[in-house]
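Notes follow the structure.
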Amino acid sequence: MPGPIGRQTVVFLDAPLVAGAYNVQSRDWGNATETPVSGCTVDYASSSESTQAGDQTTTRATVWLPRRAPRVTEWHRARWDGRTWEVDGVPSTAEAAGPLSGQAVSLLEVAG
């Protein structure tokens, strides 16, 4: 069950591309642009723990953005609940969900 529906704020991070060694471009997360989006609904989707070669946790969450929110891509990161998350896969588009919906974004955090 989601937390406060439509009352959460998620900060999306967009890092510029910079030239690296051997002319390879990479993201400069130290200079990322922050875009806070209020009116979101966020829910934890799953979590798991692996103790094979060391403790590692994998946590997934889903963010439902409000209509007219800035567009999120698979190249963004998100800050929510005191943690930084990767956007996992290509977010769904509002057109696929209906005219009153925003994007649905899957988040992934791997720790350990």
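Residues in the structure tokens are numbered from 1 in each chain, the chains being A, B, ... in the order shown, and ligands are numbered from 1 in the order shown.
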Excluding Gly112 of chain A and any residue of its chain fewer than 6 positions from it, enumerate the residues within 7 Å of it, using only C-alpha atoms, and give them as an MDAnalysis selection string. chainID A and resid 55:57
May I have the residues from that selection written out with all heavy atoms, as a PDB file, in the first residue's frame?
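Okay, this is what ended up in result-v8.pdb:
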ATOM      1  N   ASP A  55      27.092  -9.362   2.359  1.00  0.00           N
ATOM      2  CA  ASP A  55      25.718  -8.878   2.471  1.00  0.00           C
ATOM      3  C   ASP A  55      25.421  -7.845   1.386  1.00  0.00           C
ATOM      4  O   ASP A  55      26.169  -6.899   1.192  1.00  0.00           O
ATOM      5  CB  ASP A  55      25.478  -8.252   3.843  1.00  0.00           C
ATOM      6  CG  ASP A  55      25.457  -9.298   4.940  1.00  0.00           C
ATOM      7  OD1 ASP A  55      25.260 -10.479   4.615  1.00  0.00           O
ATOM      8  OD2 ASP A  55      25.630  -8.933   6.115  1.00  0.00           O
ATOM      9  N   GLN A  56      24.317  -8.059   0.690  1.00  0.00           N
ATOM     10  CA  GLN A  56      23.877  -7.125  -0.341  1.00  0.00           C
ATOM     11  C   GLN A  56      22.355  -7.088  -0.334  1.00  0.00           C
ATOM     12  O   GLN A  56      21.711  -8.129  -0.276  1.00  0.00           O
ATOM     13  CB  GLN A  56      24.368  -7.562  -1.713  1.00  0.00           C
ATOM     14  CG  GLN A  56      24.005  -6.594  -2.816  1.00  0.00           C
ATOM     15  CD  GLN A  56      24.498  -7.069  -4.164  1.00  0.00           C
ATOM     16  OE1 GLN A  56      24.241  -8.199  -4.558  1.00  0.00           O
ATOM     17  NE2 GLN A  56      25.211  -6.197  -4.850  1.00  0.00           N
ATOM     18  N   THR A  57      21.812  -5.876  -0.359  1.00  0.00           N
ATOM     19  CA  THR A  57      20.357  -5.746  -0.422  1.00  0.00           C
ATOM     20  C   THR A  57      19.969  -5.078  -1.736  1.00  0.00           C
ATOM     21  O   THR A  57      20.664  -4.198  -2.220  1.00  0.00           O
ATOM     22  CB  THR A  57      19.805  -4.913   0.752  1.00  0.00           C
ATOM     23  OG1 THR A  57      20.394  -3.609   0.713  1.00  0.00           O
ATOM     24  CG2 THR A  57      20.086  -5.567   2.091  1.00  0.00           C
TER      25      THR A  57
END
Hey, what does DSSP flag as alpha helix (DSSP H) within chain A? Can you give it to me as a PyMOL selection string? chain A and resi 94-97
Name the residues in contact with Ser38 of chain A at a cut-off of 10 Å, using only C-alpha atoms, excluding same-chain residues fewer than 5 positions from it; report them as number ranges by chain. A: 6-11, 65-66, 69
I need the chosen residues saved as a short mmCIF file (atom, residue, chain, number, x, y, z; two decimals), in the first residue's frame, with all heavy atoms.
data_model
loop_
_atom_site.label_atom_id
_atom_site.label_comp_id
_atom_site.auth_asym_id
_atom_site.auth_seq_id
_atom_site.Cartn_x
_atom_site.Cartn_y
_atom_site.Cartn_z
N GLY A 6 -0.06 10.99 -3.41
CA GLY A 6 0.09 12.30 -4.02
C GLY A 6 0.68 13.37 -3.12
O GLY A 6 0.58 14.55 -3.42
N ARG A 7 1.33 12.97 -2.03
CA ARG A 7 1.87 13.96 -1.09
C ARG A 7 3.37 13.85 -0.88
O ARG A 7 3.90 14.47 0.04
CB ARG A 7 1.17 13.81 0.25
CG ARG A 7 -0.28 14.17 0.20
CD ARG A 7 -0.86 14.15 1.57
NE ARG A 7 -2.27 14.51 1.52
CZ ARG A 7 -3.07 14.44 2.55
NH1 ARG A 7 -2.62 14.02 3.71
NH2 ARG A 7 -4.32 14.80 2.43
N GLN A 8 4.04 13.09 -1.69
CA GLN A 8 5.47 12.90 -1.49
C GLN A 8 6.26 13.68 -2.53
O GLN A 8 5.78 13.93 -3.64
CB GLN A 8 5.81 11.41 -1.55
CG GLN A 8 5.10 10.64 -0.44
CD GLN A 8 5.31 9.15 -0.55
OE1 GLN A 8 5.89 8.65 -1.49
NE2 GLN A 8 4.80 8.42 0.44
N THR A 9 7.47 14.07 -2.15
CA THR A 9 8.35 14.79 -3.06
C THR A 9 9.56 13.92 -3.37
O THR A 9 10.18 13.37 -2.47
CB THR A 9 8.82 16.12 -2.44
OG1 THR A 9 7.67 16.93 -2.20
CG2 THR A 9 9.78 16.85 -3.35
N VAL A 10 9.84 13.78 -4.65
CA VAL A 10 11.00 13.03 -5.12
C VAL A 10 11.89 14.01 -5.88
O VAL A 10 11.40 14.82 -6.67
CB VAL A 10 10.58 11.87 -6.06
CG1 VAL A 10 11.79 11.13 -6.59
CG2 VAL A 10 9.64 10.92 -5.33
N VAL A 11 13.19 13.96 -5.61
CA VAL A 11 14.15 14.82 -6.31
C VAL A 11 14.80 13.97 -7.40
O VAL A 11 15.43 12.95 -7.11
CB VAL A 11 15.21 15.38 -5.35
CG1 VAL A 11 16.24 16.20 -6.11
CG2 VAL A 11 14.56 16.21 -4.26
N LEU A 65 4.25 9.73 -10.98
CA LEU A 65 4.39 11.18 -11.06
C LEU A 65 3.04 11.83 -11.35
O LEU A 65 2.18 11.23 -11.99
CB LEU A 65 5.37 11.55 -12.18
CG LEU A 65 6.80 11.06 -11.99
CD1 LEU A 65 7.61 11.35 -13.24
CD2 LEU A 65 7.43 11.72 -10.80
N PRO A 66 2.88 13.07 -10.88
CA PRO A 66 1.64 13.77 -11.21
C PRO A 66 1.63 14.18 -12.68
O PRO A 66 2.68 14.23 -13.33
CB PRO A 66 1.68 15.00 -10.30
CG PRO A 66 3.13 15.23 -10.06
CD PRO A 66 3.76 13.88 -10.05
N ALA A 69 4.26 16.67 -14.76
CA ALA A 69 5.58 16.66 -14.12
C ALA A 69 6.65 16.62 -15.21
O ALA A 69 6.39 16.16 -16.33
CB ALA A 69 5.71 15.45 -13.21
#
Run DSSP on the backbone and grab whatever in segment 38-111 of chain A lands in strand (DSSP E or B); send it over as an NGL selection string. :A and (38-50 or 56-64 or 77-80 or 83-87 or 104-111)
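Restricting the calculation to only C-alpha atoms, the smallest distance between Arg77 of chain A and any of A:Ser106, A:Gln25, A:Ser92, A:Ser47 is found for A:Ser106.
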Could you tell me which of A:Ser50, A:Pro16, A:Thr41, A:Ala104 comes closest to Arg71 of chain A if we count only C-alpha atoms? A:Ala104
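Nearest residue to Thr58 of chain A, choosing from A:Val37, A:Ala45, A:Val90, A:Val24 and counting only C-alpha atoms: A:Ala45.
Distance annotation: of A:Glu109, A:Pro4, A:Ser46, A:Ala21, the residue with the minimal separation from Gly82 of chain A is A:Glu109; atom set is only C-alpha atoms.
Nearest to Leu17 of chain A of all the residues A:Ile5, A:His76, A:Ser48, A:Val63 is A:His76, counting only C-alpha atoms.
Between atom CA of Asn23 of chain A and atom CA of Thr73 of chain A the separation is 23.9 Å.
Distance check against Ala78 of chain A using only C-alpha atoms: of A:Phe12, A:Trp29, A:Tyr44, A:Tyr22, the minimum falls on A:Phe12.
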